[in-house]
file coords16.cif (mmCIF, C-alpha atoms and all ligand atoms)
data_final
loop_
_atom_site.label_atom_id
_atom_site.label_comp_id
_atom_site.auth_asym_id
_atom_site.auth_seq_id
_atom_site.Cartn_x
_atom_site.Cartn_y
_atom_site.Cartn_z
CA MET A 1 -12.82 26.10 -15.06
CA LYS A 2 -13.76 22.41 -15.34
CA ASP A 3 -12.08 20.07 -12.83
CA GLN A 4 -9.34 17.97 -14.43
CA ILE A 5 -7.84 15.44 -12.02
CA LEU A 6 -4.46 13.73 -12.29
CA VAL A 7 -3.97 10.64 -10.10
CA ILE A 8 -0.27 9.75 -9.90
CA GLY A 9 0.37 6.20 -8.68
CA ALA A 10 -3.08 5.18 -9.97
CA CYS A 11 -2.20 1.48 -10.37
CA GLY A 12 -1.35 0.93 -6.70
CA GLN A 13 -3.43 -0.40 -3.84
CA MET A 14 -5.15 2.89 -3.06
CA GLY A 15 -4.87 4.43 -6.54
CA THR A 16 -6.95 1.70 -8.17
CA GLU A 17 -9.97 2.32 -5.94
CA LEU A 18 -9.52 6.07 -5.57
CA THR A 19 -9.39 6.55 -9.35
CA THR A 20 -12.64 4.62 -9.74
CA ALA A 21 -14.31 6.71 -7.02
CA LEU A 22 -13.04 9.98 -8.53
CA ARG A 23 -14.43 8.94 -11.92
CA VAL A 24 -17.84 8.44 -10.36
CA GLN A 25 -17.65 12.00 -9.00
CA TYR A 26 -15.99 13.82 -11.94
CA GLY A 27 -16.57 11.55 -14.97
CA ARG A 28 -14.06 9.20 -16.60
CA ASP A 29 -12.77 11.73 -19.13
CA ASN A 30 -11.89 14.21 -16.38
CA VAL A 31 -9.73 11.86 -14.31
CA ILE A 32 -6.37 10.84 -15.79
CA ALA A 33 -4.77 7.72 -14.27
CA ALA A 34 -0.96 7.97 -14.32
CA ASP A 35 1.71 5.51 -13.21
CA ILE A 36 5.07 4.06 -14.24
CA GLN A 37 3.52 0.64 -14.91
CA VAL A 38 3.07 -0.60 -18.48
CA HIS A 39 -0.51 0.31 -19.44
CA PRO A 40 -2.53 -2.08 -17.28
CA PRO A 41 -5.42 -3.75 -19.11
CA GLY A 42 -8.82 -2.38 -18.18
CA ILE A 43 -7.64 1.11 -17.13
CA THR A 44 -8.90 3.78 -19.51
CA ASN A 45 -7.69 7.38 -19.81
CA TYR A 46 -4.22 6.18 -18.72
CA MET A 47 -0.80 7.71 -19.24
CA TRP A 48 2.74 6.62 -18.35
CA LEU A 49 4.14 9.31 -16.10
CA ASP A 50 7.16 9.32 -13.80
CA VAL A 51 6.53 11.91 -11.08
CA LEU A 52 10.30 12.25 -10.65
CA ASP A 53 10.55 13.62 -14.21
CA TYR A 54 9.72 17.30 -13.58
CA THR A 55 9.62 18.24 -17.28
CA GLN A 56 7.10 15.51 -18.11
CA LEU A 57 5.01 16.34 -15.05
CA GLU A 58 4.92 20.06 -15.85
CA LYS A 59 4.04 19.37 -19.52
CA THR A 60 1.20 17.05 -18.47
CA VAL A 61 -0.27 19.61 -16.06
CA ARG A 62 -0.04 22.36 -18.70
CA GLU A 63 -1.32 20.42 -21.71
CA CYS A 64 -4.09 18.54 -19.89
CA ARG A 65 -5.15 21.67 -17.95
CA ILE A 66 -4.94 19.80 -14.66
CA THR A 67 -6.66 21.46 -11.69
CA GLN A 68 -6.13 18.85 -8.96
CA ILE A 69 -3.43 16.24 -8.28
CA TYR A 70 -3.73 13.16 -6.10
CA LEU A 71 -0.15 11.99 -5.45
CA LEU A 72 -0.06 8.37 -4.29
CA THR A 73 3.48 7.25 -5.07
CA ALA A 74 5.72 6.03 -2.26
CA MET A 75 8.25 3.37 -1.38
CA PRO A 76 6.83 1.34 1.55
CA PRO A 77 8.56 1.15 4.97
CA ALA A 78 10.15 -2.29 4.68
CA SER A 79 11.67 -1.54 1.22
CA GLY A 80 12.72 1.94 2.38
CA GLU A 81 14.96 0.44 5.06
CA GLN A 82 16.88 -1.50 2.37
CA ASN A 83 17.50 1.60 0.25
CA ALA A 84 17.34 4.88 2.13
CA GLU A 85 18.33 7.23 -0.70
CA ASP A 86 15.88 5.78 -3.22
CA ALA A 87 13.11 5.89 -0.61
CA TRP A 88 13.85 9.52 0.20
CA ARG A 89 13.86 10.40 -3.51
CA SER A 90 10.68 8.45 -4.18
CA ASN A 91 8.78 9.80 -1.17
CA VAL A 92 9.90 13.44 -1.04
CA ARG A 93 11.20 14.46 -4.49
CA GLY A 94 7.91 13.77 -6.27
CA LEU A 95 5.94 15.65 -3.61
CA LEU A 96 8.21 18.70 -3.92
CA SER A 97 7.72 18.74 -7.70
CA VAL A 98 3.94 18.54 -7.33
CA LEU A 99 3.90 21.30 -4.69
CA LYS A 100 6.08 23.55 -6.85
CA ILE A 101 3.81 23.05 -9.87
CA ALA A 102 0.73 23.56 -7.67
CA ALA A 103 2.14 26.92 -6.55
CA THR A 104 3.15 27.98 -10.07
CA TYR A 105 0.01 27.28 -12.12
CA PRO A 106 -1.72 27.42 -9.59
CA LEU A 107 -3.62 24.17 -9.04
CA ASP A 108 -6.88 24.24 -7.10
CA LYS A 109 -6.01 21.37 -4.74
CA VAL A 110 -3.47 18.64 -4.00
CA PHE A 111 -4.00 15.41 -2.04
CA TRP A 112 -1.01 13.57 -0.57
CA PRO A 113 -1.20 10.78 2.01
CA SER A 114 1.09 10.63 5.01
CA SER A 115 1.10 7.62 7.33
CA ILE A 116 0.98 6.39 10.92
CA ALA A 117 4.69 5.69 10.31
CA VAL A 118 5.41 9.30 11.30
CA PHE A 119 4.98 8.15 14.90
CA GLY A 120 7.97 6.59 16.61
CA PRO A 121 8.85 4.78 19.83
CA GLY A 122 8.35 7.95 21.91
CA SER A 123 4.77 8.56 20.70
CA PRO A 124 1.86 7.50 22.93
CA LYS A 125 0.85 3.91 22.18
CA HIS A 126 -2.86 4.27 22.85
CA ASN A 127 -5.20 6.92 21.48
CA CYS A 128 -2.17 8.71 19.98
CA PRO A 129 -3.18 12.36 19.51
CA GLN A 130 -2.70 14.68 16.53
CA GLN A 131 -0.09 16.84 18.27
CA THR A 132 2.37 14.80 20.27
CA TRP A 133 5.92 13.51 20.45
CA ILE A 134 6.65 12.64 16.80
CA GLU A 135 10.10 11.21 16.14
CA PRO A 136 9.93 8.65 13.32
CA ASN A 137 12.75 6.12 13.24
CA THR A 138 12.33 4.63 9.74
CA VAL A 139 13.30 6.14 6.38
CA TYR A 140 9.65 5.93 5.33
CA GLY A 141 8.44 7.64 8.52
CA ILE A 142 11.10 10.36 8.30
CA SER A 143 10.18 11.06 4.66
CA LYS A 144 6.47 11.19 5.50
CA ARG A 145 7.09 13.61 8.39
CA ALA A 146 9.26 15.79 6.14
CA GLY A 147 6.50 15.65 3.50
CA GLU A 148 3.98 16.87 6.09
CA TYR A 149 6.19 19.88 6.84
CA TRP A 150 6.64 20.57 3.11
CA CYS A 151 2.85 20.56 2.64
CA ASN A 152 2.44 23.04 5.50
CA TYR A 153 5.28 25.20 4.12
CA TYR A 154 3.71 25.43 0.64
CA PHE A 155 0.34 26.27 2.18
CA GLU A 156 1.81 28.98 4.44
CA LYS A 157 4.19 30.48 1.89
CA TYR A 158 2.38 30.04 -1.46
CA GLY A 159 -1.22 29.33 -0.45
CA VAL A 160 -1.22 25.84 -2.00
CA ASP A 161 -4.44 24.09 -0.93
CA VAL A 162 -2.77 20.80 -0.07
CA ARG A 163 -4.66 18.33 2.12
CA SER A 164 -3.31 15.21 3.77
CA LEU A 165 -4.23 12.23 5.93
CA ARG A 166 -2.06 10.06 8.17
CA LEU A 167 -3.37 6.77 6.82
CA PRO A 168 -3.37 3.61 8.94
CA GLY A 169 -2.60 0.20 7.36
CA LEU A 170 -5.02 -0.34 4.46
CA VAL A 171 -6.89 -3.54 3.62
CA SER A 172 -8.18 -4.01 0.09
CA HIS A 173 -9.34 -6.78 -2.24
CA THR A 174 -8.62 -5.05 -5.55
CA ALA A 175 -4.81 -5.11 -5.50
CA PRO A 176 -2.48 -7.98 -4.56
CA PRO A 177 -0.74 -7.70 -1.17
CA GLY A 178 2.55 -5.78 -1.18
CA ARG A 179 5.54 -6.23 1.12
CA GLY A 180 4.58 -3.51 3.60
CA THR A 181 4.39 -3.88 7.39
CA THR A 182 0.59 -4.11 7.45
CA ASP A 183 0.20 -6.16 4.24
CA TYR A 184 -0.29 -9.37 6.26
CA ALA A 185 -3.86 -8.11 6.68
CA VAL A 186 -4.38 -8.43 2.90
CA ASP A 187 -2.38 -11.59 2.23
CA ILE A 188 -4.14 -13.48 5.04
CA PHE A 189 -7.44 -13.35 3.08
CA HIS A 190 -5.88 -14.69 -0.13
CA GLN A 191 -4.24 -17.57 1.80
CA ALA A 192 -7.36 -18.27 3.85
CA ILE A 193 -9.34 -18.81 0.64
CA ALA A 194 -6.57 -20.70 -1.21
CA THR A 195 -5.08 -22.96 1.51
CA GLN A 196 -6.93 -22.27 4.80
CA ASN A 197 -3.55 -21.55 6.37
CA TYR A 198 -1.39 -18.46 6.82
CA THR A 199 2.08 -17.80 8.21
CA CYS A 200 2.11 -14.27 9.59
CA PHE A 201 5.24 -12.09 9.58
CA LEU A 202 4.04 -10.14 12.64
CA SER A 203 3.52 -11.63 16.09
CA GLU A 204 0.09 -12.70 17.29
CA GLU A 205 -0.55 -9.67 19.52
CA THR A 206 0.85 -6.86 17.33
CA CYS A 207 -2.09 -4.49 17.39
CA LEU A 208 -2.02 -1.64 14.84
CA PRO A 209 -4.38 1.03 13.48
CA MET A 210 -5.99 -0.32 10.29
CA MET A 211 -8.69 0.72 7.83
CA TYR A 212 -10.75 -0.91 5.09
CA MET A 213 -10.04 0.70 1.71
CA PRO A 214 -13.61 1.95 1.02
CA ASP A 215 -13.35 4.01 4.23
CA ALA A 216 -9.91 5.35 3.23
CA VAL A 217 -11.11 6.34 -0.25
CA ARG A 218 -14.18 8.02 1.20
CA ALA A 219 -11.98 9.87 3.71
CA ALA A 220 -9.79 11.22 0.90
CA LEU A 221 -12.82 12.39 -1.09
CA GLU A 222 -14.54 13.94 1.94
CA LEU A 223 -11.37 15.77 2.98
CA MET A 224 -10.91 17.09 -0.57
CA ASN A 225 -14.57 18.12 -0.89
CA ALA A 226 -14.64 19.94 2.48
CA PRO A 227 -14.78 23.76 2.39
CA LYS A 228 -11.29 25.29 2.50
CA LYS A 229 -12.06 27.23 5.68
CA ASN A 230 -12.69 23.94 7.55
CA ILE A 231 -9.20 22.59 6.88
CA LYS A 232 -7.26 23.74 9.92
CA ILE A 233 -4.38 21.26 9.79
CA ARG A 234 -2.02 21.64 6.84
CA THR A 235 0.57 19.06 7.87
CA SER A 236 -1.61 15.92 7.94
CA TYR A 237 -4.73 14.77 9.79
CA ASN A 238 -4.76 11.67 12.04
CA LEU A 239 -7.30 9.22 10.62
CA ALA A 240 -8.62 6.26 12.61
CA GLY A 241 -10.73 3.32 11.54
CA MET A 242 -10.17 0.26 13.72
CA SER A 243 -7.27 -1.39 15.56
CA PHE A 244 -6.59 -5.11 15.50
CA ALA A 245 -3.81 -7.69 15.87
CA PRO A 246 -3.21 -10.72 13.59
CA CYS A 247 -4.93 -13.00 16.17
CA ASP A 248 -8.08 -10.81 16.06
CA LEU A 249 -8.17 -10.96 12.28
CA ALA A 250 -7.62 -14.73 12.28
CA PHE A 251 -10.49 -15.10 14.77
CA ALA A 252 -12.82 -13.02 12.57
CA ILE A 253 -11.85 -15.05 9.46
CA LYS A 254 -12.44 -18.35 11.31
CA LYS A 255 -16.08 -17.36 11.78
CA HIS A 256 -16.42 -17.73 7.98
CA ILE A 257 -13.76 -20.42 7.33
CA PRO A 258 -13.71 -22.69 10.41
CA ALA A 259 -10.78 -24.74 9.07
CA PHE A 260 -8.55 -21.67 8.85
CA SER A 261 -5.34 -21.80 10.90
CA ILE A 262 -2.54 -19.30 11.45
CA ASN A 263 1.03 -19.53 12.69
CA TYR A 264 3.53 -16.77 13.41
CA GLN A 265 7.06 -16.19 12.15
CA PRO A 266 7.89 -12.52 12.80
CA ASP A 267 10.48 -11.05 10.42
CA HIS A 268 12.25 -7.68 10.13
CA ARG A 269 8.89 -5.89 9.86
CA GLN A 270 8.12 -6.70 13.51
CA ALA A 271 10.61 -4.08 14.74
CA ILE A 272 8.93 -1.44 12.56
CA ALA A 273 5.44 -2.35 13.77
CA ASP A 274 6.58 -2.31 17.42
CA CYS A 275 7.35 1.43 17.16
CA TRP A 276 3.92 2.43 15.86
CA PRO A 277 0.88 3.32 18.00
CA VAL A 278 -1.82 0.77 18.73
CA SER A 279 -4.61 3.29 18.19
CA LEU A 280 -5.03 6.88 17.03
CA ASN A 281 -7.07 9.80 18.25
CA ASP A 282 -8.55 11.54 15.18
CA LEU A 283 -10.74 14.12 16.90
CA PRO A 284 -9.57 17.01 14.64
CA SER A 285 -10.67 15.04 11.53
CA ARG A 286 -14.08 14.45 13.10
CA GLN A 287 -14.47 18.08 14.20
CA ASP A 288 -13.04 19.87 11.13
CA TRP A 289 -14.46 17.90 8.21
CA GLY A 290 -16.89 15.44 9.76
CA TRP A 291 -14.97 12.15 9.50
CA GLN A 292 -16.73 8.95 10.60
CA GLN A 293 -15.55 5.43 9.79
CA GLN A 294 -18.08 2.84 8.62
CA TYR A 295 -16.30 -0.51 8.75
CA ASP A 296 -15.28 -2.56 11.80
CA ILE A 297 -13.29 -5.79 11.68
CA ASP A 298 -16.34 -8.07 11.19
CA THR A 299 -17.99 -6.04 8.42
CA MET A 300 -14.61 -5.72 6.69
CA VAL A 301 -13.92 -9.48 6.85
CA THR A 302 -17.37 -10.31 5.47
CA ASP A 303 -16.94 -7.87 2.58
CA MET A 304 -13.34 -8.93 1.80
CA LEU A 305 -14.19 -12.64 1.64
CA GLN A 306 -17.31 -12.02 -0.44
CA ASN A 307 -15.39 -9.91 -2.97
CA LEU A 308 -12.33 -12.18 -3.19
CA ARG A 309 -14.50 -15.27 -3.67
CA THR A 310 -16.52 -13.54 -6.40
CA GLU A 311 -13.33 -12.37 -8.15
CA LYS A 312 -11.85 -15.90 -7.92
CA ALA A 313 -15.04 -17.42 -9.35
CA VAL A 314 -15.00 -14.97 -12.27
CA CYS A 315 -11.30 -15.74 -12.98
CA THR A 316 -11.91 -19.50 -12.89
CA LYS A 317 -14.87 -19.09 -15.26
CA MET A 318 -12.77 -17.02 -17.67
CA LEU A 319 -10.05 -19.72 -17.72
CA MET A 320 -12.57 -22.47 -18.53
P1 LIG A 401 1.36 1.24 -3.79
O1 LIG A 401 2.82 0.94 -3.58
O2 LIG A 401 0.39 0.12 -3.84
O3 LIG A 401 1.19 2.11 -5.11
C1 LIG A 401 2.08 3.12 -5.49
C2 LIG A 401 1.95 3.27 -7.00
O4 LIG A 401 2.84 4.33 -7.38
C3 LIG A 401 2.38 2.03 -7.79
O5 LIG A 401 1.39 1.70 -8.75
C4 LIG A 401 3.69 2.45 -8.47
O6 LIG A 401 3.87 1.85 -9.73
C5 LIG A 401 3.49 3.95 -8.58
N1 LIG A 401 4.76 4.68 -8.64
C6 LIG A 401 5.89 4.45 -7.96
N2 LIG A 401 6.85 5.33 -8.28
C7 LIG A 401 6.30 6.15 -9.22
C8 LIG A 401 6.78 7.27 -9.95
N3 LIG A 401 8.04 7.71 -9.81
N4 LIG A 401 5.95 7.90 -10.81
C9 LIG A 401 4.67 7.46 -10.98
N5 LIG A 401 4.16 6.38 -10.34
C10 LIG A 401 4.96 5.74 -9.46
O7 LIG A 401 0.96 2.29 -2.64
P2 LIG A 401 -0.43 2.36 -1.88
O8 LIG A 401 -0.45 1.28 -0.86
O9 LIG A 401 -1.52 2.50 -2.86
O10 LIG A 401 -0.23 3.73 -1.09
C11 LIG A 401 -0.62 4.98 -1.66
C12 LIG A 401 -0.14 6.09 -0.75
O11 LIG A 401 -0.71 5.91 0.54
C13 LIG A 401 1.37 6.13 -0.53
O12 LIG A 401 1.79 7.46 -0.40
C14 LIG A 401 1.56 5.42 0.79
O13 LIG A 401 2.74 5.84 1.47
C15 LIG A 401 0.31 5.84 1.54
N6 LIG A 401 -0.06 4.88 2.58
C16 LIG A 401 -0.44 3.63 2.24
C17 LIG A 401 -0.76 2.72 3.25
C18 LIG A 401 -1.18 1.30 2.92
O14 LIG A 401 -1.42 0.51 3.85
N7 LIG A 401 -1.29 0.91 1.66
C19 LIG A 401 -0.73 3.13 4.59
C20 LIG A 401 -0.34 4.42 4.89
C21 LIG A 401 -0.02 5.31 3.87
#
call {"tool": "encode", "arguments": {"input": "coords16.cif", "output": "structure tokens", "more": "lines below"}}
Ligand code: NAD
result
Amino acid sequence: MKDQILVIGACGQMGTELTTALRVQYGRDNVIAADIQVHPPGITNYMWLDVLDYTQLEKTVRECRITQIYLLTAMPPASGEQNAEDAWRSNVRGLLSVLKIAATYPLDKVFWPSSIAVFGPGSPKHNCPQQTWIEPNTVYGISKRAGEYWCNYYFEKYGVDVRSLRLPGLVSHTAPPGRGTTDYAVDIFHQAIATQNYTCFLSEETCLPMMYMPDAVRAALELMNAPKKNIKIRTSYNLAGMSFAPCDLAFAIKKHIPAFSINYQPDHRQAIADCWPVSLNDLPSRQDWGWQQQYDIDTMVTDMLQNLRTEKAVCTKMLM
């Protein structure tokens, strides 16, 4: 049967780029972009779909003959702390519906991202391994850890081929920065170009695992394209790219924009970041399905600034 892909949460930071990459691999007509946003201009083959509406989800899978789902919806950590029940519903309910449908039809494969937020204050700070002390202390982290167990359960009990990555903080130029704990690393670029100044909501030395979006998208595709027998971990794979603190990023940006300055006003997100590891050990990803990151902080900064400046120039031209 022909592959028919459904990307749920396609208008978000990762969804935007992952949908484009999937369309290169499978063709535009075979990749449906779904989200609860009003049809965004420029996105073709789009449908409004609320993953929490089981009837609509099931009807879509049946009528569109879906074979794979990429589920990218989630409420980020900082928002989750303000509204625990909504975050739990948003982060776990939708996953359970997708897993149930995957087991029933059955679907060929499911992709669902977990996060470094599964790690808590007791986890090793440096080179944090795949199997270790994992006691998340945020609503987001708890829901991601529960999601990992649900994925493993559906694989063990129903044979659902669900694959998952513990993503680090993602940096991307295609979507505006959100309000997440690592989103300073996106906003800083917009402010550096617009005003040459940025006030960071994390402290200078808060070092966290991070990744440039092209690497994250490639990781998702490579994991999903790997032979089934190679996938040994059915909770979620650690995935490492680079680790840096706001001062490291500011330093790398200053190489391109010498006038750039940064100051620090940590907010409630600092406490969340302080519980996460500084770096991850992703040996199982490297051994099982051949993961290798491409971007480091300098190549990422060069690419981000180049893309944001080009996009800004195009927007200014369109307004003239
Ligand atoms: P995002 O918040 O940018 O995008 C999520 C998208 O899901 C949005 O477009 C939103 O409109 C849509 N959505 C929300 N509720 C929905 C619903 N009920 N039905 C359908 N669509 C709905 O998220 P992102 O940053 O692209 O992250 C994607 C995934 O990766 C999430 O699971 C997230 O937890 C995980 N992750 C992201 C990061 C990161 O730094 N961005 C880090 C670790 C893990």
call {"tool": "closest_residue", "arguments": {"input": "coords16.cif", "among": "A:Thr181, A:Asn152, A:Thr235, A:Asn263", "to": "Glu204 (chain A)", "atoms": "all atoms listed in the file"}}
result
A:Asn263
call {"tool": "residues_around", "arguments": {"input": "coords16.cif", "residues": "region 153-167 of chain A", "least_positions_apart": "3", "cutoff": "7 Å", "atoms": "only C-alpha atoms", "output": "PyMOL selection string"}}
result
chain A and resi 99+102-103+108-116+149-150+224+234-239
call {"tool": "closest_atom_pairs", "arguments": {"input": "coords16.cif", "of": "chain A", "to": "ligand LIG 401 (chain A)", "cutoff": "6 Å", "atoms": "only C-alpha atoms and all ligand atoms", "output": "JSON lines"}}
result
{"residue": "A:Ile8", "atom": "CA", "partner": "A:LIG401", "partner_atom": "C9", "distance": 5.6}
{"residue": "A:Gly9", "atom": "CA", "partner": "A:LIG401", "partner_atom": "O4", "distance": 3.4}
{"residue": "A:Ala10", "atom": "CA", "partner": "A:LIG401", "partner_atom": "O5", "distance": 5.8}
{"residue": "A:Cys11", "atom": "CA", "partner": "A:LIG401", "partner_atom": "O5", "distance": 3.9}
{"residue": "A:Gly12", "atom": "CA", "partner": "A:LIG401", "partner_atom": "O3", "distance": 3.2}
{"residue": "A:Gln13", "atom": "CA", "partner": "A:LIG401", "partner_atom": "O9", "distance": 3.6}
{"residue": "A:Met14", "atom": "CA", "partner": "A:LIG401", "partner_atom": "O9", "distance": 3.7}
{"residue": "A:Gly15", "atom": "CA", "partner": "A:LIG401", "partner_atom": "O9", "distance": 5.3}
{"residue": "A:Asp35", "atom": "CA", "partner": "A:LIG401", "partner_atom": "N5", "distance": 3.9}
{"residue": "A:Ile36", "atom": "CA", "partner": "A:LIG401", "partner_atom": "N5", "distance": 4.6}
{"residue": "A:Gln37", "atom": "CA", "partner": "A:LIG401", "partner_atom": "O6", "distance": 5.3}
{"residue": "A:Leu49", "atom": "CA", "partner": "A:LIG401", "partner_atom": "C9", "distance": 5.5}
{"residue": "A:Asp50", "atom": "CA", "partner": "A:LIG401", "partner_atom": "N4", "distance": 3.5}
{"residue": "A:Val51", "atom": "CA", "partner": "A:LIG401", "partner_atom": "N4", "distance": 4.1}
{"residue": "A:Leu52", "atom": "CA", "partner": "A:LIG401", "partner_atom": "N3", "distance": 5.1}
{"residue": "A:Leu72", "atom": "CA", "partner": "A:LIG401", "partner_atom": "C12", "distance": 4.2}
{"residue": "A:Thr73", "atom": "CA", "partner": "A:LIG401", "partner_atom": "O4", "distance": 3.8}
{"residue": "A:Ala74", "atom": "CA", "partner": "A:LIG401", "partner_atom": "O12", "distance": 4.6}
{"residue": "A:Pro113", "atom": "CA", "partner": "A:LIG401", "partner_atom": "O12", "distance": 5.1}
{"residue": "A:Ser114", "atom": "CA", "partner": "A:LIG401", "partner_atom": "C21", "distance": 5.6}
{"residue": "A:Ser115", "atom": "CA", "partner": "A:LIG401", "partner_atom": "C20", "distance": 4.3}
{"residue": "A:Leu167", "atom": "CA", "partner": "A:LIG401", "partner_atom": "C20", "distance": 4.3}
{"residue": "A:Pro168", "atom": "CA", "partner": "A:LIG401", "partner_atom": "C19", "distance": 5.1}
{"residue": "A:Gly169", "atom": "CA", "partner": "A:LIG401", "partner_atom": "O14", "distance": 3.7}
{"residue": "A:Leu170", "atom": "CA", "partner": "A:LIG401", "partner_atom": "O14", "distance": 3.7}
call {"tool": "write_last_selection", "arguments": {"input": "coords16.cif", "atoms": "C-alpha atoms", "output": "tab-separated table (two decimals), in the frame of the given file"}}
result
chain	number	residue	atom	x	y	z
A	8	ILE	CA	-0.27	9.75	-9.90
A	9	GLY	CA	0.37	6.20	-8.68
A	10	ALA	CA	-3.08	5.18	-9.97
A	11	CYS	CA	-2.20	1.48	-10.37
A	12	GLY	CA	-1.35	0.93	-6.70
A	13	GLN	CA	-3.43	-0.40	-3.84
A	14	MET	CA	-5.15	2.89	-3.06
A	15	GLY	CA	-4.87	4.43	-6.54
A	35	ASP	CA	1.71	5.51	-13.21
A	36	ILE	CA	5.07	4.06	-14.24
A	37	GLN	CA	3.52	0.64	-14.91
A	49	LEU	CA	4.14	9.31	-16.10
A	50	ASP	CA	7.16	9.32	-13.80
A	51	VAL	CA	6.53	11.91	-11.08
A	52	LEU	CA	10.30	12.25	-10.65
A	72	LEU	CA	-0.06	8.37	-4.29
A	73	THR	CA	3.48	7.25	-5.07
A	74	ALA	CA	5.72	6.03	-2.26
A	113	PRO	CA	-1.20	10.78	2.01
A	114	SER	CA	1.09	10.63	5.01
A	115	SER	CA	1.10	7.62	7.33
A	167	LEU	CA	-3.37	6.77	6.82
A	168	PRO	CA	-3.37	3.61	8.94
A	169	GLY	CA	-2.60	0.20	7.36
A	170	LEU	CA	-5.02	-0.34	4.46
call {"tool": "closest_residue", "arguments": {"input": "coords16.cif", "among": "A:Ile43, A:Val171, A:Leu305, A:Ile101", "to": "Val217 (chain A)", "atoms": "all atoms listed in the file"}}
result
A:Val171
call {"tool": "atom_distance", "arguments": {"input": "coords16.cif", "atom1": "CA of Ala194 (chain A)", "atom2": "CA of Asp274 (chain A)"}}
result
29.3 Å
call {"tool": "residues_around", "arguments": {"input": "coords16.cif", "residues": "Asp288 (chain A)", "least_positions_apart": "3", "cutoff": "12 Å", "atoms": "all atoms listed in the file", "output": "number ranges by chain"}}
result
A: 222-223, 226-234, 237-238, 282-285, 291-292
call {"tool": "closest_residue", "arguments": {"input": "coords16.cif", "among": "A:Gln294, A:Thr60, A:Thr19, A:Ser143", "to": "Val92 (chain A)", "atoms": "all atoms listed in the file"}}
result
A:Ser143
call {"tool": "residues_around", "arguments": {"input": "coords16.cif", "residues": "Glu17 (chain A)", "least_positions_apart": "5", "cutoff": "8 Å", "atoms": "only C-alpha atoms", "output": "PDB file with C-alpha atoms, keeping the file's coordinate frame"}}
result
ATOM      1  CA  THR A 174      -8.620  -5.050  -5.550  1.00  0.00           C
ATOM      2  CA  MET A 213     -10.040   0.700   1.710  1.00  0.00           C
ATOM      3  CA  PRO A 214     -13.610   1.950   1.020  1.00  0.00           C
ATOM      4  CA  VAL A 217     -11.110   6.340  -0.250  1.00  0.00           C
TER       5      VAL A 217
END
call {"tool": "closest_residue", "arguments": {"input": "coords16.cif", "among": "A:Asn91, A:Asp86, A:Ala220, A:Val118", "to": "Gln131 (chain A)", "atoms": "all atoms listed in the file"}}
result
A:Val118
call {"tool": "atom_distance", "arguments": {"input": "coords16.cif", "atom1": "CA of Phe260 (chain A)", "atom2": "CA of Leu280 (chain A)"}}
result
29.9 Å
call {"tool": "closest_residue", "arguments": {"input": "coords16.cif", "among": "A:Arg269, A:Arg309, A:His39, A:Arg28", "to": "Phe189 (chain A)", "atoms": "only C-alpha atoms"}}
result
A:Arg309
call {"tool": "residues_around", "arguments": {"input": "coords16.cif", "residues": "Asp267 (chain A)", "least_positions_apart": "5", "cutoff": "12 Å", "atoms": "all atoms listed in the file", "output": "PyMOL selection string"}}
result
chain A and resi 78+179-181+184+199-203+272-274
call {"tool": "closest_residue", "arguments": {"input": "coords16.cif", "among": "A:Met242, A:Ala34, A:Leu308, A:Ile5", "to": "Ala175 (chain A)", "atoms": "only C-alpha atoms"}}
result
A:Leu308
call {"tool": "residues_around", "arguments": {"input": "coords16.cif", "residues": "Asp248 (chain A)", "least_positions_apart": "6", "cutoff": "10 Å", "atoms": "all atoms listed in the file", "output": "list of chain:residue names"}}
result
A:Glu204, A:Glu205, A:Thr206, A:Cys207, A:Lys254, A:Ile297, A:Asp298
call {"tool": "atom_distance", "arguments": {"input": "coords16.cif", "atom1": "CA of Leu71 (chain A)", "atom2": "CA of Val38 (chain A)"}}
result
18.4 Å
call {"tool": "decode", "arguments": {"input": "coords16.cif", "residues": "region 110-135 of chain A", "atoms": "C-alpha atoms", "output": "PDB file, in the first residue's frame"}}
result
ATOM      1  CA  VAL A 110       4.045   6.323  14.458  1.00  0.00           C
ATOM      2  CA  PHE A 111       6.528   9.062  15.384  1.00  0.00           C
ATOM      3  CA  TRP A 112       6.153  10.927  18.683  1.00  0.00           C
ATOM      4  CA  PRO A 113       8.801  13.162  20.261  1.00  0.00           C
ATOM      5  CA  SER A 114       9.660  13.014  23.933  1.00  0.00           C
ATOM      6  CA  SER A 115      12.027  15.544  25.500  1.00  0.00           C
ATOM      7  CA  ILE A 116      15.063  16.076  27.728  1.00  0.00           C
ATOM      8  CA  ALA A 117      12.431  17.289  30.218  1.00  0.00           C
ATOM      9  CA  VAL A 118      11.960  13.656  31.305  1.00  0.00           C
ATOM     10  CA  PHE A 119      15.181  14.080  33.288  1.00  0.00           C
ATOM     11  CA  GLY A 120      14.931  15.626  36.725  1.00  0.00           C
ATOM     12  CA  PRO A 121      17.178  16.909  39.505  1.00  0.00           C
ATOM     13  CA  GLY A 122      18.382  13.378  40.336  1.00  0.00           C
ATOM     14  CA  SER A 123      19.583  12.602  36.789  1.00  0.00           C
ATOM     15  CA  PRO A 124      23.306  12.906  35.988  1.00  0.00           C
ATOM     16  CA  LYS A 125      24.128  16.436  34.833  1.00  0.00           C
ATOM     17  CA  HIS A 126      26.873  15.548  32.385  1.00  0.00           C
ATOM     18  CA  ASN A 127      26.748  12.938  29.633  1.00  0.00           C
ATOM     19  CA  CYS A 128      23.347  11.808  30.970  1.00  0.00           C
ATOM     20  CA  PRO A 129      22.852   8.212  29.778  1.00  0.00           C
ATOM     21  CA  GLN A 130      19.825   6.543  28.198  1.00  0.00           C
ATOM     22  CA  GLN A 131      19.041   4.410  31.247  1.00  0.00           C
ATOM     23  CA  THR A 132      19.433   6.317  34.480  1.00  0.00           C
ATOM     24  CA  TRP A 133      17.623   7.941  37.377  1.00  0.00           C
ATOM     25  CA  ILE A 134      14.610   9.535  35.651  1.00  0.00           C
ATOM     26  CA  GLU A 135      12.259  11.439  37.941  1.00  0.00           C
TER      27      GLU A 135
END
